[in-house]
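Raw protein_35.tsv, TSV, C-alpha atoms:
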```tsv
chain	number	residue	atom	x	y	z
A	1414	MET	CA	40.18	125.15	187.09
A	1415	SER	CA	39.62	122.73	189.92
A	1416	LYS	CA	40.16	124.09	193.43
A	1417	GLU	CA	41.70	120.79	194.49
A	1418	TRP	CA	45.43	120.46	194.07
A	1419	PRO	CA	46.61	117.70	191.75
A	1420	LEU	CA	47.30	114.25	193.10
A	1421	TRP	CA	50.83	112.83	193.31
A	1422	GLU	CA	51.85	109.22	193.82
A	1423	VAL	CA	54.48	108.70	196.50
A	1424	PHE	CA	57.32	106.17	196.42
A	1425	VAL	CA	59.62	105.51	199.38
A	1426	ARG	CA	62.97	103.75	199.44
A	1427	ALA	CA	63.33	102.10	202.82
A	1428	LYS	CA	67.10	101.75	202.61
A	1429	ASN	CA	69.92	101.74	200.11
A	1430	GLY	CA	69.82	98.79	197.75
A	1431	LEU	CA	66.05	98.43	197.84
A	1432	ALA	CA	63.70	99.75	195.20
A	1433	HIS	CA	61.36	102.67	195.77
A	1434	LYS	CA	58.00	101.28	196.74
A	1435	HIS	CA	54.60	102.84	196.21
A	1436	VAL	CA	53.11	103.88	199.55
A	1437	GLY	CA	50.19	106.17	198.71
A	1438	SER	CA	49.41	109.62	197.40
A	1439	VAL	CA	49.26	113.28	198.42
A	1440	HIS	CA	47.70	116.47	197.07
A	1441	ALA	CA	50.11	119.27	196.20
A	1442	ALA	CA	50.35	122.28	193.90
A	1443	ASP	CA	53.90	121.57	192.76
A	1444	GLY	CA	56.68	119.01	193.02
A	1445	ARG	CA	58.46	120.50	196.01
A	1446	MET	CA	55.23	120.77	197.93
A	1447	ALA	CA	54.52	117.15	197.02
A	1448	ILE	CA	57.91	116.04	198.36
A	1449	GLU	CA	57.27	117.89	201.61
A	1450	ALA	CA	53.75	116.54	201.98
A	1451	ALA	CA	55.08	113.05	201.28
A	1452	ARG	CA	57.85	113.54	203.83
A	1453	ASP	CA	55.38	114.67	206.47
A	1454	THR	CA	52.81	112.01	205.65
A	1455	TYR	CA	54.82	108.89	204.88
A	1456	THR	CA	58.29	109.15	206.48
A	1457	ARG	CA	57.56	110.49	209.94
A	1458	ARG	CA	58.28	107.12	211.53
A	1459	MET	CA	61.62	106.53	209.80
A	1460	GLU	CA	60.09	104.63	206.91
A	1461	GLY	CA	62.63	105.75	204.38
A	1462	ILE	CA	65.74	107.51	203.16
A	1463	SER	CA	64.59	108.64	199.73
A	1464	LEU	CA	61.34	109.85	198.18
A	1465	TRP	CA	59.94	110.00	194.69
A	1466	VAL	CA	56.75	111.78	193.76
A	1467	VAL	CA	55.08	111.42	190.39
A	1468	PRO	CA	52.02	113.27	189.12
A	1469	SER	CA	49.24	110.69	189.23
A	1470	ALA	CA	48.08	111.94	185.86
A	1471	SER	CA	51.36	110.74	184.35
A	1472	ILE	CA	50.67	107.14	185.23
A	1473	VAL	CA	49.34	105.01	182.41
A	1474	ALA	CA	47.33	102.16	183.84
A	1475	SER	CA	46.24	98.89	182.31
A	1476	ASP	CA	42.54	98.56	181.63
A	1477	PRO	CA	40.85	96.16	184.07
A	1478	ASN	CA	38.73	94.93	181.17
A	1479	ASP	CA	41.90	93.69	179.50
A	1480	ALA	CA	42.91	91.59	182.49
A	1481	GLY	CA	41.96	88.41	180.70
A	1482	GLU	CA	44.28	88.82	177.76
A	1483	LEU	CA	47.03	90.52	179.74
A	1484	PHE	CA	47.36	88.33	182.76
A	1485	GLU	CA	45.55	85.04	182.50
A	1486	PRO	CA	47.89	83.53	179.90
A	1487	ALA	CA	50.64	83.51	182.56
A	1488	ALA	CA	48.61	81.28	184.85
A	1489	ASP	CA	49.76	77.94	183.45
A	1490	LYS	CA	53.42	78.83	182.82
A	1491	VAL	CA	54.81	77.46	186.03
A	1492	TYR	CA	58.20	76.97	184.39
A	1493	ARG	CA	58.68	80.74	184.39
A	1494	HIS	CA	59.03	80.78	188.16
A	1495	PRO	CA	62.68	80.61	189.21
A	1496	THR	CA	61.87	78.05	191.87
A	1497	PHE	CA	64.45	75.57	190.58
A	1498	TYR	CA	67.38	77.51	191.99
A	1499	SER	CA	68.39	77.42	195.62
A	1500	ILE	CA	69.10	80.83	197.14
A	1501	PRO	CA	71.87	81.00	199.75
A	1502	ASP	CA	70.61	81.98	203.19
A	1503	HIS	CA	72.65	85.17	203.36
A	1504	ILE	CA	70.99	86.69	200.28
A	1505	LYS	CA	68.22	88.95	201.51
A	1506	ASN	CA	65.51	90.88	199.76
A	1507	ILE	CA	64.84	88.49	196.91
B	516	MET	CA	77.99	131.40	236.16
B	517	SER	CA	74.93	131.25	238.35
B	518	ASP	CA	72.40	128.49	237.98
B	519	LYS	CA	69.79	131.19	237.97
B	520	ALA	CA	71.05	132.62	234.68
B	521	LEU	CA	71.15	129.18	233.10
B	522	PHE	CA	67.63	128.44	234.36
B	523	GLU	CA	66.45	131.69	232.81
B	524	TYR	CA	68.11	130.90	229.51
B	525	ALA	CA	66.82	127.33	229.32
B	526	CYS	CA	63.31	128.65	230.02
B	527	ARG	CA	63.59	131.17	227.19
B	528	LEU	CA	64.72	128.52	224.73
B	529	GLY	CA	62.13	126.02	225.93
B	530	ASP	CA	59.25	128.48	226.11
B	531	ASP	CA	59.82	129.73	222.54
B	532	SER	CA	59.46	126.18	221.27
B	533	LEU	CA	56.65	125.22	223.63
B	534	ILE	CA	54.39	128.17	222.89
B	535	LEU	CA	54.86	128.02	219.13
B	536	GLY	CA	54.32	124.26	219.23
B	537	GLN	CA	51.06	124.79	221.10
B	538	ARG	CA	50.01	127.48	218.63
B	539	LEU	CA	50.64	125.20	215.66
B	540	SER	CA	48.71	122.38	217.32
B	541	GLU	CA	45.63	124.62	217.16
B	542	TRP	CA	45.63	124.00	213.41
B	543	CYS	CA	45.15	120.28	213.93
B	544	GLY	CA	41.94	119.36	212.13
B	545	HIS	CA	41.50	122.90	210.75
B	546	ALA	CA	44.24	123.35	208.15
B	547	PRO	CA	43.28	124.11	204.55
B	548	MET	CA	44.38	120.64	203.38
B	549	LEU	CA	44.96	117.31	205.08
B	550	GLU	CA	48.59	117.40	203.97
B	551	ILE	CA	49.14	120.83	205.54
B	552	ASP	CA	47.37	119.71	208.68
B	553	LEU	CA	50.01	117.00	209.01
B	554	SER	CA	52.89	119.32	208.15
B	555	LEU	CA	51.92	121.89	210.76
B	556	ALA	CA	51.33	119.21	213.39
B	557	ASN	CA	54.74	117.71	212.62
B	558	ILE	CA	56.44	121.07	213.04
B	559	GLY	CA	54.52	121.59	216.27
B	560	LEU	CA	55.65	118.21	217.57
B	561	ASP	CA	59.28	118.96	216.71
B	562	LEU	CA	59.00	122.16	218.72
B	563	ILE	CA	57.36	120.50	221.70
B	564	GLY	CA	60.14	117.89	221.66
B	565	GLN	CA	62.71	120.69	221.85
B	566	ALA	CA	60.76	122.32	224.66
B	567	THR	CA	60.75	119.07	226.62
B	568	HIS	CA	64.55	118.92	226.51
B	569	PHE	CA	65.16	122.58	227.34
B	570	LEU	CA	62.63	122.65	230.17
B	571	LYS	CA	64.06	119.45	231.63
B	572	LEU	CA	67.44	121.19	231.67
B	573	ALA	CA	65.82	124.21	233.33
B	574	GLY	CA	64.25	122.02	236.00
B	575	ASP	CA	67.54	120.19	236.60
B	576	VAL	CA	69.60	123.35	237.10
B	577	GLU	CA	66.90	124.90	239.25
B	578	GLY	CA	67.12	121.91	241.57
B	579	LYS	CA	63.67	122.27	243.11
B	580	GLY	CA	62.30	119.05	241.72
B	581	ARG	CA	60.33	120.62	238.88
B	582	ASP	CA	60.40	118.59	235.68
B	583	ALA	CA	59.53	119.72	232.15
B	584	ASP	CA	55.82	119.02	232.71
B	585	ALA	CA	55.72	121.05	235.91
B	586	LEU	CA	57.34	123.99	234.14
B	587	ALA	CA	55.06	123.73	231.11
B	588	PHE	CA	51.75	123.09	232.82
B	589	ARG	CA	51.98	124.64	236.28
B	590	ARG	CA	53.82	127.89	235.70
B	591	ASP	CA	51.91	131.19	235.62
B	592	VAL	CA	51.86	133.50	232.65
B	593	LEU	CA	54.24	136.08	234.17
B	594	ASP	CA	56.88	133.38	234.55
B	595	PHE	CA	56.92	132.47	230.86
B	596	ARG	CA	59.97	133.74	229.01
B	597	ASN	CA	59.07	133.19	225.37
B	598	CYS	CA	59.39	135.97	222.81
B	599	LEU	CA	56.18	137.76	221.88
B	600	LEU	CA	56.30	136.56	218.29
B	601	VAL	CA	55.48	132.93	219.09
B	602	GLU	CA	52.40	133.73	221.17
B	603	GLN	CA	50.75	135.77	218.42
B	604	PRO	CA	47.48	134.29	217.21
B	605	ASN	CA	47.43	132.01	214.18
B	606	GLY	CA	45.09	134.30	212.24
B	607	ASP	CA	44.65	132.85	208.78
B	608	PHE	CA	47.06	130.39	207.19
B	609	ALA	CA	49.15	133.25	205.75
B	610	GLN	CA	49.59	134.89	209.15
B	611	THR	CA	50.71	131.55	210.57
B	612	ILE	CA	53.23	131.15	207.74
B	613	ALA	CA	54.55	134.68	208.21
B	614	ARG	CA	55.18	133.97	211.90
B	615	GLN	CA	56.86	130.66	211.08
B	616	PHE	CA	59.01	132.26	208.42
B	617	LEU	CA	60.37	134.96	210.73
B	618	PHE	CA	60.82	132.59	213.66
B	619	SER	CA	62.29	129.52	211.96
B	620	ASN	CA	64.88	131.53	210.08
B	621	TRP	CA	65.95	132.99	213.42
B	622	GLN	CA	65.78	129.72	215.35
B	623	GLU	CA	67.86	127.89	212.76
B	624	LEU	CA	70.69	130.45	213.08
B	625	LEU	CA	70.34	130.39	216.86
B	626	PHE	CA	70.57	126.60	217.11
B	627	ARG	CA	73.44	126.47	214.64
B	628	ASP	CA	75.31	128.79	217.00
B	629	LEU	CA	74.25	126.82	220.08
B	630	THR	CA	75.72	123.58	218.70
B	631	ARG	CA	79.00	125.18	219.84
B	632	SER	CA	77.71	126.03	223.32
B	633	ARG	CA	80.06	125.22	226.19
B	634	ASN	CA	77.07	123.69	227.96
B	635	GLU	CA	77.01	120.13	226.66
B	636	THR	CA	73.28	119.65	227.12
B	637	ILE	CA	72.41	122.80	225.20
B	638	ALA	CA	74.89	121.86	222.46
B	639	ALA	CA	73.37	118.38	222.17
B	640	ILE	CA	69.77	119.62	222.03
B	641	ALA	CA	70.75	122.22	219.44
B	642	ALA	CA	72.57	119.65	217.30
B	643	LYS	CA	69.44	117.52	217.10
B	644	ALA	CA	67.04	120.42	216.70
B	645	VAL	CA	68.94	122.36	214.04
B	646	LYS	CA	68.04	119.73	211.43
B	647	GLU	CA	64.38	119.88	212.39
B	648	VAL	CA	64.37	123.63	212.14
B	649	ALA	CA	66.18	123.65	208.79
B	650	TYR	CA	63.11	121.85	207.47
B	651	HIS	CA	60.72	124.29	209.18
B	652	THR	CA	62.58	127.13	207.47
B	653	ARG	CA	62.38	125.44	204.11
B	654	PHE	CA	58.66	124.79	204.54
B	655	ALA	CA	57.93	128.37	205.58
B	656	ASP	CA	60.22	129.96	202.95
B	657	GLU	CA	58.49	128.06	200.17
B	658	TRP	CA	55.05	129.01	201.40
B	659	MET	CA	56.09	132.66	201.57
B	660	VAL	CA	56.97	132.46	197.89
B	661	ARG	CA	53.81	130.56	196.92
B	662	LEU	CA	51.55	132.99	198.73
B	663	GLY	CA	53.47	136.18	197.87
B	664	ASP	CA	53.90	135.31	194.21
B	665	GLY	CA	50.45	133.71	194.01
B	666	THR	CA	47.01	135.22	193.54
B	667	ASP	CA	45.92	138.73	194.52
B	668	GLU	CA	44.17	137.27	197.54
B	669	SER	CA	47.10	135.15	198.74
B	670	ARG	CA	49.44	138.08	198.23
B	671	GLY	CA	47.23	140.43	200.22
B	672	ARG	CA	46.94	137.93	203.05
B	673	ILE	CA	50.63	137.16	203.35
B	674	ALA	CA	51.52	140.87	203.23
B	675	ALA	CA	49.01	141.50	206.03
B	676	GLY	CA	50.34	138.57	208.05
B	677	LEU	CA	53.91	139.78	207.68
B	678	ASP	CA	52.86	143.27	208.67
B	679	TRP	CA	51.18	141.91	211.82
B	680	MET	CA	54.25	139.95	212.89
B	681	TRP	CA	56.98	142.40	211.95
B	682	ARG	CA	56.96	144.50	215.14
B	683	PHE	CA	58.00	141.41	217.14
B	684	VAL	CA	61.21	140.82	215.18
B	685	ASP	CA	63.56	143.12	217.10
B	686	GLU	CA	62.91	141.23	220.32
B	687	LEU	CA	64.51	138.14	218.78
B	688	PHE	CA	67.84	139.95	218.58
B	689	GLU	CA	67.75	141.55	222.00
B	690	VAL	CA	70.35	140.78	224.68
B	691	ASP	CA	69.62	141.78	228.26
B	692	ALA	CA	71.55	141.66	231.52
B	693	ALA	CA	70.07	138.29	232.44
B	694	ILE	CA	71.84	136.43	229.64
B	695	ALA	CA	74.85	138.64	228.88
B	696	PRO	CA	77.04	136.62	231.30
B	697	LEU	CA	76.03	133.40	229.53
B	698	ILE	CA	77.12	134.83	226.21
B	699	ALA	CA	80.43	135.93	227.72
B	700	ALA	CA	80.92	132.41	229.06
B	701	GLY	CA	80.31	130.82	225.64
B	702	ILE	CA	77.14	129.08	226.81
B	703	GLY	CA	74.53	131.32	225.23
B	704	ALA	CA	74.37	132.61	221.67
B	705	ASP	CA	74.94	136.28	220.95
B	706	VAL	CA	71.80	136.82	218.90
B	707	ARG	CA	72.90	140.35	217.95
B	708	ALA	CA	75.56	138.79	215.75
B	709	LEU	CA	72.92	136.79	213.86
B	710	ARG	CA	70.98	139.79	212.62
B	711	THR	CA	72.94	140.45	209.42
B	712	GLU	CA	72.55	136.90	208.17
B	713	TRP	CA	68.90	136.79	209.20
B	714	ASP	CA	68.20	140.06	207.38
B	715	ALA	CA	69.86	138.70	204.24
B	716	ARG	CA	67.88	135.45	204.35
B	717	VAL	CA	64.58	137.21	204.91
B	718	ALA	CA	65.30	139.78	202.19
B	719	LYS	CA	66.11	137.02	199.70
B	720	THR	CA	62.94	135.05	200.34
B	721	LEU	CA	60.80	138.19	200.26
B	722	ALA	CA	62.39	139.11	196.93
B	723	ASP	CA	61.58	135.64	195.59
B	724	ALA	CA	58.05	136.13	196.89
B	725	THR	CA	57.87	139.56	195.19
B	726	LEU	CA	56.98	141.04	198.58
B	727	GLU	CA	58.19	144.32	200.04
B	728	LEU	CA	60.23	144.35	203.20
B	729	PRO	CA	57.82	145.77	205.83
B	730	LYS	CA	58.56	149.30	206.97
B	731	PRO	CA	60.49	149.58	210.24
B	732	ARG	CA	58.14	149.87	213.19
B	733	ARG	CA	58.55	150.61	216.83
B	734	ALA	CA	59.58	147.29	218.33
B	735	THR	CA	57.29	145.62	220.84
B	736	LEU	CA	59.41	144.05	223.55
B	737	GLY	CA	58.93	142.46	226.94
B	738	GLY	CA	58.38	138.73	226.51
B	739	ARG	CA	61.78	137.83	227.95
B	740	ALA	CA	60.86	139.69	231.13
B	741	GLY	CA	57.41	138.11	231.37
B	742	HIS	CA	55.47	141.07	229.95
B	743	HIS	CA	53.28	139.23	227.50
B	744	SER	CA	50.40	140.13	225.24
B	745	GLU	CA	46.92	139.07	226.34
B	746	HIS	CA	47.11	136.20	223.84
B	747	LEU	CA	49.46	134.13	225.99
B	748	GLY	CA	47.04	133.90	228.91
B	749	HIS	CA	44.34	132.47	226.66
B	750	LEU	CA	46.79	130.01	225.17
B	751	LEU	CA	47.92	128.84	228.61
B	752	SER	CA	44.38	128.50	229.92
B	753	GLU	CA	43.77	125.93	227.22
B	754	MET	CA	47.18	124.24	227.38
B	755	GLN	CA	47.28	124.03	231.17
B	756	PHE	CA	43.62	123.27	231.82
B	757	LEU	CA	43.99	119.58	232.46
B	758	GLN	CA	46.92	119.77	234.87
B	759	ARG	CA	45.28	122.69	236.68
B	760	ALA	CA	41.92	120.97	237.03
B	761	TYR	CA	43.33	117.51	237.76
B	762	PRO	CA	46.86	118.02	239.17
B	763	GLY	CA	49.18	115.13	238.39
B	764	ALA	CA	46.69	113.43	236.08
B	765	THR	CA	48.27	110.87	233.74
B	766	TRP	CA	46.90	108.71	230.96
```

Render the structure in this file as structure tokens.
Amino acid sequence: MSKEWPLWEVFVRAKNGLAHKHVGSVHAADGRMAIEAARDTYTRRMEGISLWVVPSASIVASDPNDAGELFEPAADKVYRHPTFYSIPDHIKNI
Amino acid sequence: MSDKALFEYACRLGDDSLILGQRLSEWCGHAPMLEIDLSLANIGLDLIGQATHFLKLAGDVEGKGRDADALAFRRDVLDFRNCLLVEQPNGDFAQTIARQFLFSNWQELLFRDLTRSRNETIAAIAAKAVKEVAYHTRFADEWMVRLGDGTDESRGRIAAGLDWMWRFVDELFEVDAAIAPLIAAGIGADVRALRTEWDARVAKTLADATLELPKPRRATLGGRAGHHSEHLGHLLSEMQFLQRAYPGATW
């Protein structure tokens, strides 16, 4: 068994209505410890009102070698960008 | 109500937080994990923030022009009024957690009571601080369980740490003539009335941690009267060095 505690990815919601955003990671032996480490590491300057922690090992990542087939085909599909709508000034966070 | 009694009381409250905050800051850069380093430093900073408020109040009621810094950095060891528990050495991580566990559970009940103090400043400081301390309690309670219900080594260390700290518990619930009038006036908290709830909280966490309640020991008292262990002098020599060597220095 490794002496290092497992790694957890940390997500912070800055305020109600916004999505949780990935901010970094912490080491912790269990979920509660991870929440506390995340609280002490990433929210000590009022960065958020809600925390998620997820075991890093649970994250399935795309393979960088597949970047060509996964992402490049989107490059010439400009019509997929919703740039043809005008967004009223009072709508924030889009 | 004499200002002298209020000064005394504000010093006790402030010194508890100040000395434990300084103790925890000694872990900075030395904790077992980066994350714990930050957690202990955060708790220490919360405590030093509380101390700043209480010692400012003490300086204000004293009326001799001493501010929180003057009381923290230019007072001699015999004039400190903290309980003996907070000045005890960090030892290993388990000993530090045992101290935090006993103290934070007490301080949370104390501050909860002080939110109803007839002194508005004390009530306001307590209202802000009680949330901070609720987190300290949670942090320490969980570590008690992890260490107690952990490996043979962690269990041995936390039991030893608890045993070291236990003789300083009774002092937390002591009421002397200096503060009795403040309690009667609804300004101070009657800590004797907090003992039952504290005992229940501690017993529950120790049960979760599969640890035995330490055997009753002869209480070591005296911190409130300025009779400290030798550890406090060493702590102050480090904490006060700069203001003693370069009075009034700022940066």

Taking only C-alpha atoms into account, report as a CSV table (one decimal) with C-alpha atoms, keeping the file's coordinate frame which residues of chain B lie within 9 Å of chain A.
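For reference, result-v3.csv as written:
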```csv
chain,number,residue,atom,x,y,z
B,548,MET,CA,44.4,120.6,203.4
B,549,LEU,CA,45.0,117.3,205.1
B,550,GLU,CA,48.6,117.4,204.0
B,551,ILE,CA,49.1,120.8,205.5
B,553,LEU,CA,50.0,117.0,209.0
B,554,SER,CA,52.9,119.3,208.2
B,557,ASN,CA,54.7,117.7,212.6
B,654,PHE,CA,58.7,124.8,204.5
B,657,GLU,CA,58.5,128.1,200.2
B,658,TRP,CA,55.0,129.0,201.4
```

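Nearest residue to B:Cys543, choosing from B:Gly606, B:Gly559, B:Gly578, B:Gly676 and counting all atoms listed in the file: B:Gly559.
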
Just how far from atom CA of B:Leu535 is atom CA of B:Ala556, in Å to one decimal?
-> 11.1 Å

Around the point (75.0, 124.4, 212.2), in the coordinates given by the file, pick out the residues reaching within 12 Å, counting only C-alpha atoms, and return them as JSON, numbers by chain.
-> {"B": [622, 623, 624, 625, 626, 627, 628, 629, 630, 631, 632, 638, 639, 641, 642, 643, 644, 645, 646, 647, 648, 649]}

For B:Pro729, which residue among B:Ala764, B:Ala699, B:Ala674, B:Leu757 is the nearest when counting only C-alpha atoms?
-> B:Ala674

Tell me, in Å to one decimal, how far atom CA of B:Phe683 is from atom CA of B:Asp518.
-> 28.4 Å

Give me stretch 627-639 of chain B with N, CA, C and O atoms filled in, as a PDB file, keeping the file's coordinate frame.
```pdb
ATOM      1  N   ARG B 627      72.150 126.727 215.271  1.00  0.00           N
ATOM      2  CA  ARG B 627      73.440 126.470 214.640  1.00  0.00           C
ATOM      3  C   ARG B 627      74.562 127.012 215.530  1.00  0.00           C
ATOM      4  O   ARG B 627      75.579 126.358 215.742  1.00  0.00           O
ATOM      5  N   ASP B 628      74.333 128.189 216.082  1.00  0.00           N
ATOM      6  CA  ASP B 628      75.310 128.790 217.000  1.00  0.00           C
ATOM      7  C   ASP B 628      75.412 127.970 218.283  1.00  0.00           C
ATOM      8  O   ASP B 628      76.503 127.730 218.795  1.00  0.00           O
ATOM      9  N   LEU B 629      74.270 127.528 218.790  1.00  0.00           N
ATOM     10  CA  LEU B 629      74.250 126.820 220.080  1.00  0.00           C
ATOM     11  C   LEU B 629      74.849 125.412 219.997  1.00  0.00           C
ATOM     12  O   LEU B 629      75.171 124.826 221.029  1.00  0.00           O
ATOM     13  N   THR B 630      75.028 124.880 218.785  1.00  0.00           N
ATOM     14  CA  THR B 630      75.720 123.580 218.700  1.00  0.00           C
ATOM     15  C   THR B 630      77.149 123.716 219.233  1.00  0.00           C
ATOM     16  O   THR B 630      77.768 122.716 219.565  1.00  0.00           O
ATOM     17  N   ARG B 631      77.646 124.947 219.307  1.00  0.00           N
ATOM     18  CA  ARG B 631      79.000 125.180 219.840  1.00  0.00           C
ATOM     19  C   ARG B 631      78.981 125.665 221.283  1.00  0.00           C
ATOM     20  O   ARG B 631      79.994 126.108 221.806  1.00  0.00           O
ATOM     21  N   SER B 632      77.819 125.577 221.925  1.00  0.00           N
ATOM     22  CA  SER B 632      77.710 126.030 223.320  1.00  0.00           C
ATOM     23  C   SER B 632      78.657 125.237 224.220  1.00  0.00           C
ATOM     24  O   SER B 632      78.859 124.035 224.029  1.00  0.00           O
ATOM     25  N   ARG B 633      79.202 125.911 225.219  1.00  0.00           N
ATOM     26  CA  ARG B 633      80.060 125.220 226.190  1.00  0.00           C
ATOM     27  C   ARG B 633      79.227 124.369 227.147  1.00  0.00           C
ATOM     28  O   ARG B 633      79.780 123.561 227.886  1.00  0.00           O
ATOM     29  N   ASN B 634      77.930 124.582 227.175  1.00  0.00           N
ATOM     30  CA  ASN B 634      77.070 123.690 227.960  1.00  0.00           C
ATOM     31  C   ASN B 634      76.716 122.496 227.080  1.00  0.00           C
ATOM     32  O   ASN B 634      76.063 122.631 226.043  1.00  0.00           O
ATOM     33  N   GLU B 635      77.154 121.319 227.514  1.00  0.00           N
ATOM     34  CA  GLU B 635      77.010 120.130 226.660  1.00  0.00           C
ATOM     35  C   GLU B 635      75.565 119.789 226.350  1.00  0.00           C
ATOM     36  O   GLU B 635      75.238 119.344 225.252  1.00  0.00           O
ATOM     37  N   THR B 636      74.695 119.984 227.338  1.00  0.00           N
ATOM     38  CA  THR B 636      73.280 119.650 227.120  1.00  0.00           C
ATOM     39  C   THR B 636      72.672 120.562 226.063  1.00  0.00           C
ATOM     40  O   THR B 636      71.989 120.111 225.139  1.00  0.00           O
ATOM     41  N   ILE B 637      72.934 121.850 226.199  1.00  0.00           N
ATOM     42  CA  ILE B 637      72.410 122.800 225.200  1.00  0.00           C
ATOM     43  C   ILE B 637      72.980 122.471 223.823  1.00  0.00           C
ATOM     44  O   ILE B 637      72.245 122.453 222.827  1.00  0.00           O
ATOM     45  N   ALA B 638      74.273 122.183 223.760  1.00  0.00           N
ATOM     46  CA  ALA B 638      74.890 121.860 222.460  1.00  0.00           C
ATOM     47  C   ALA B 638      74.244 120.622 221.850  1.00  0.00           C
ATOM     48  O   ALA B 638      73.986 120.571 220.636  1.00  0.00           O
ATOM     49  N   ALA B 639      73.953 119.620 222.685  1.00  0.00           N
ATOM     50  CA  ALA B 639      73.370 118.380 222.170  1.00  0.00           C
ATOM     51  C   ALA B 639      71.934 118.586 221.690  1.00  0.00           C
ATOM     52  O   ALA B 639      71.531 118.081 220.638  1.00  0.00           O
TER      53      ALA B 639
END
```
